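Notes for the one structure printed next.
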Amino acid sequence: MDHPKDVGDRTTLAVMLALRGLGYHVSVPFGGNTRYLRTAAVYVTPIEDVPREAATLRIDPPRNGQSKLIRLAADYAIAKVDVELAPRSWHVAEAARP
């Protein structure tokens, strides 16, 4: 089983690649230790849909049927990605020395 940080790093990279592939510019925020769900989707939340400083997307609808103030992730999905990306086969080619 992969370390959660490795899963998060691969997920972040997959999201960045998906957004660039769709023509979006990507800025990288500072921070870590954030949980990522393996949904294989990329979500974009317009700033006007974020009421204060943060918003949460729900993967599953509430069991009690509440819909007011609920942001379903499916409504913000823009792409599907493979977050596994062959994690153990990644390598960095050594740069040619002058």
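Residues in the structure tokens are named by chain (A, B, ... in the order shown) and by number from 1 within that chain; ligands are numbered from 1 in the order shown.
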Neighbour list for A:Asp49 as a list of chain:residue names, cut-off 12 Å, only C-alpha atoms, skip fewer than 2 positions in-chain: A:Val44, A:Thr45, A:Pro46, A:Ile47, A:Pro51, A:Arg52, A:Glu53, A:Ala54, A:Ala55, A:Thr56, A:Leu57, A:Leu69, A:Ile70, A:Arg71, A:Leu72, A:Asp75, A:Tyr76
When DSSP works through the backbone of this structure, what residues of stretch 1-84 of chain A end up as alpha helix (DSSP H), shown as a PyMOL selection string? chain A and resi 4-21
For N, CA and C atoms, I'd like the residues from the last selection saved as a PDB file, in the first residue's frame.
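Final file, again-v8.pdb:
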```pdb
ATOM      1  N   PRO A   4       0.066   7.689   2.052  1.00  0.00           N
ATOM      2  CA  PRO A   4      -0.918   8.700   1.656  1.00  0.00           C
ATOM      3  C   PRO A   4      -0.297   9.934   0.996  1.00  0.00           C
ATOM      4  N   LYS A   5       0.893  10.316   1.408  1.00  0.00           N
ATOM      5  CA  LYS A   5       1.555  11.471   0.786  1.00  0.00           C
ATOM      6  C   LYS A   5       1.880  11.185  -0.672  1.00  0.00           C
ATOM      7  N   ASP A   6       2.324   9.951  -0.959  1.00  0.00           N
ATOM      8  CA  ASP A   6       2.601   9.577  -2.346  1.00  0.00           C
ATOM      9  C   ASP A   6       1.331   9.590  -3.187  1.00  0.00           C
ATOM     10  N   VAL A   7       0.239   9.088  -2.622  1.00  0.00           N
ATOM     11  CA  VAL A   7      -1.047   9.113  -3.323  1.00  0.00           C
ATOM     12  C   VAL A   7      -1.441  10.557  -3.606  1.00  0.00           C
ATOM     13  N   GLY A   8      -1.282  11.423  -2.614  1.00  0.00           N
ATOM     14  CA  GLY A   8      -1.611  12.836  -2.791  1.00  0.00           C
ATOM     15  C   GLY A   8      -0.766  13.502  -3.852  1.00  0.00           C
ATOM     16  N   ASP A   9       0.535  13.199  -3.864  1.00  0.00           N
ATOM     17  CA  ASP A   9       1.420  13.784  -4.876  1.00  0.00           C
ATOM     18  C   ASP A   9       1.026  13.335  -6.280  1.00  0.00           C
ATOM     19  N   ARG A  10       0.742  12.042  -6.448  1.00  0.00           N
ATOM     20  CA  ARG A  10       0.327  11.542  -7.772  1.00  0.00           C
ATOM     21  C   ARG A  10      -1.014  12.154  -8.180  1.00  0.00           C
ATOM     22  N   THR A  11      -1.916  12.291  -7.229  1.00  0.00           N
ATOM     23  CA  THR A  11      -3.221  12.884  -7.524  1.00  0.00           C
ATOM     24  C   THR A  11      -3.056  14.333  -7.955  1.00  0.00           C
ATOM     25  N   THR A  12      -2.229  15.077  -7.234  1.00  0.00           N
ATOM     26  CA  THR A  12      -1.982  16.478  -7.588  1.00  0.00           C
ATOM     27  C   THR A  12      -1.413  16.585  -9.000  1.00  0.00           C
ATOM     28  N   LEU A  13      -0.451  15.748  -9.316  1.00  0.00           N
ATOM     29  CA  LEU A  13       0.142  15.768 -10.652  1.00  0.00           C
ATOM     30  C   LEU A  13      -0.892  15.415 -11.718  1.00  0.00           C
ATOM     31  N   ALA A  14      -1.722  14.411 -11.461  1.00  0.00           N
ATOM     32  CA  ALA A  14      -2.744  14.012 -12.428  1.00  0.00           C
ATOM     33  C   ALA A  14      -3.729  15.155 -12.673  1.00  0.00           C
ATOM     34  N   VAL A  15      -4.108  15.844 -11.616  1.00  0.00           N
ATOM     35  CA  VAL A  15      -5.032  16.976 -11.748  1.00  0.00           C
ATOM     36  C   VAL A  15      -4.378  18.098 -12.543  1.00  0.00           C
ATOM     37  N   MET A  16      -3.137  18.398 -12.231  1.00  0.00           N
ATOM     38  CA  MET A  16      -2.440  19.453 -12.960  1.00  0.00           C
ATOM     39  C   MET A  16      -2.333  19.124 -14.444  1.00  0.00           C
ATOM     40  N   LEU A  17      -1.996  17.878 -14.771  1.00  0.00           N
ATOM     41  CA  LEU A  17      -1.902  17.473 -16.174  1.00  0.00           C
ATOM     42  C   LEU A  17      -3.251  17.557 -16.875  1.00  0.00           C
ATOM     43  N   ALA A  18      -4.304  17.142 -16.187  1.00  0.00           N
ATOM     44  CA  ALA A  18      -5.642  17.206 -16.778  1.00  0.00           C
ATOM     45  C   ALA A  18      -6.047  18.655 -17.044  1.00  0.00           C
ATOM     46  N   LEU A  19      -5.795  19.534 -16.097  1.00  0.00           N
ATOM     47  CA  LEU A  19      -6.147  20.946 -16.279  1.00  0.00           C
ATOM     48  C   LEU A  19      -5.345  21.581 -17.407  1.00  0.00           C
ATOM     49  N   ARG A  20      -4.046  21.303 -17.466  1.00  0.00           N
ATOM     50  CA  ARG A  20      -3.235  21.849 -18.558  1.00  0.00           C
ATOM     51  C   ARG A  20      -3.716  21.313 -19.907  1.00  0.00           C
ATOM     52  N   GLY A  21      -4.079  20.044 -19.932  1.00  0.00           N
ATOM     53  CA  GLY A  21      -4.583  19.448 -21.167  1.00  0.00           C
ATOM     54  C   GLY A  21      -5.872  20.085 -21.649  1.00  0.00           C
TER      55      GLY A  21
END
```
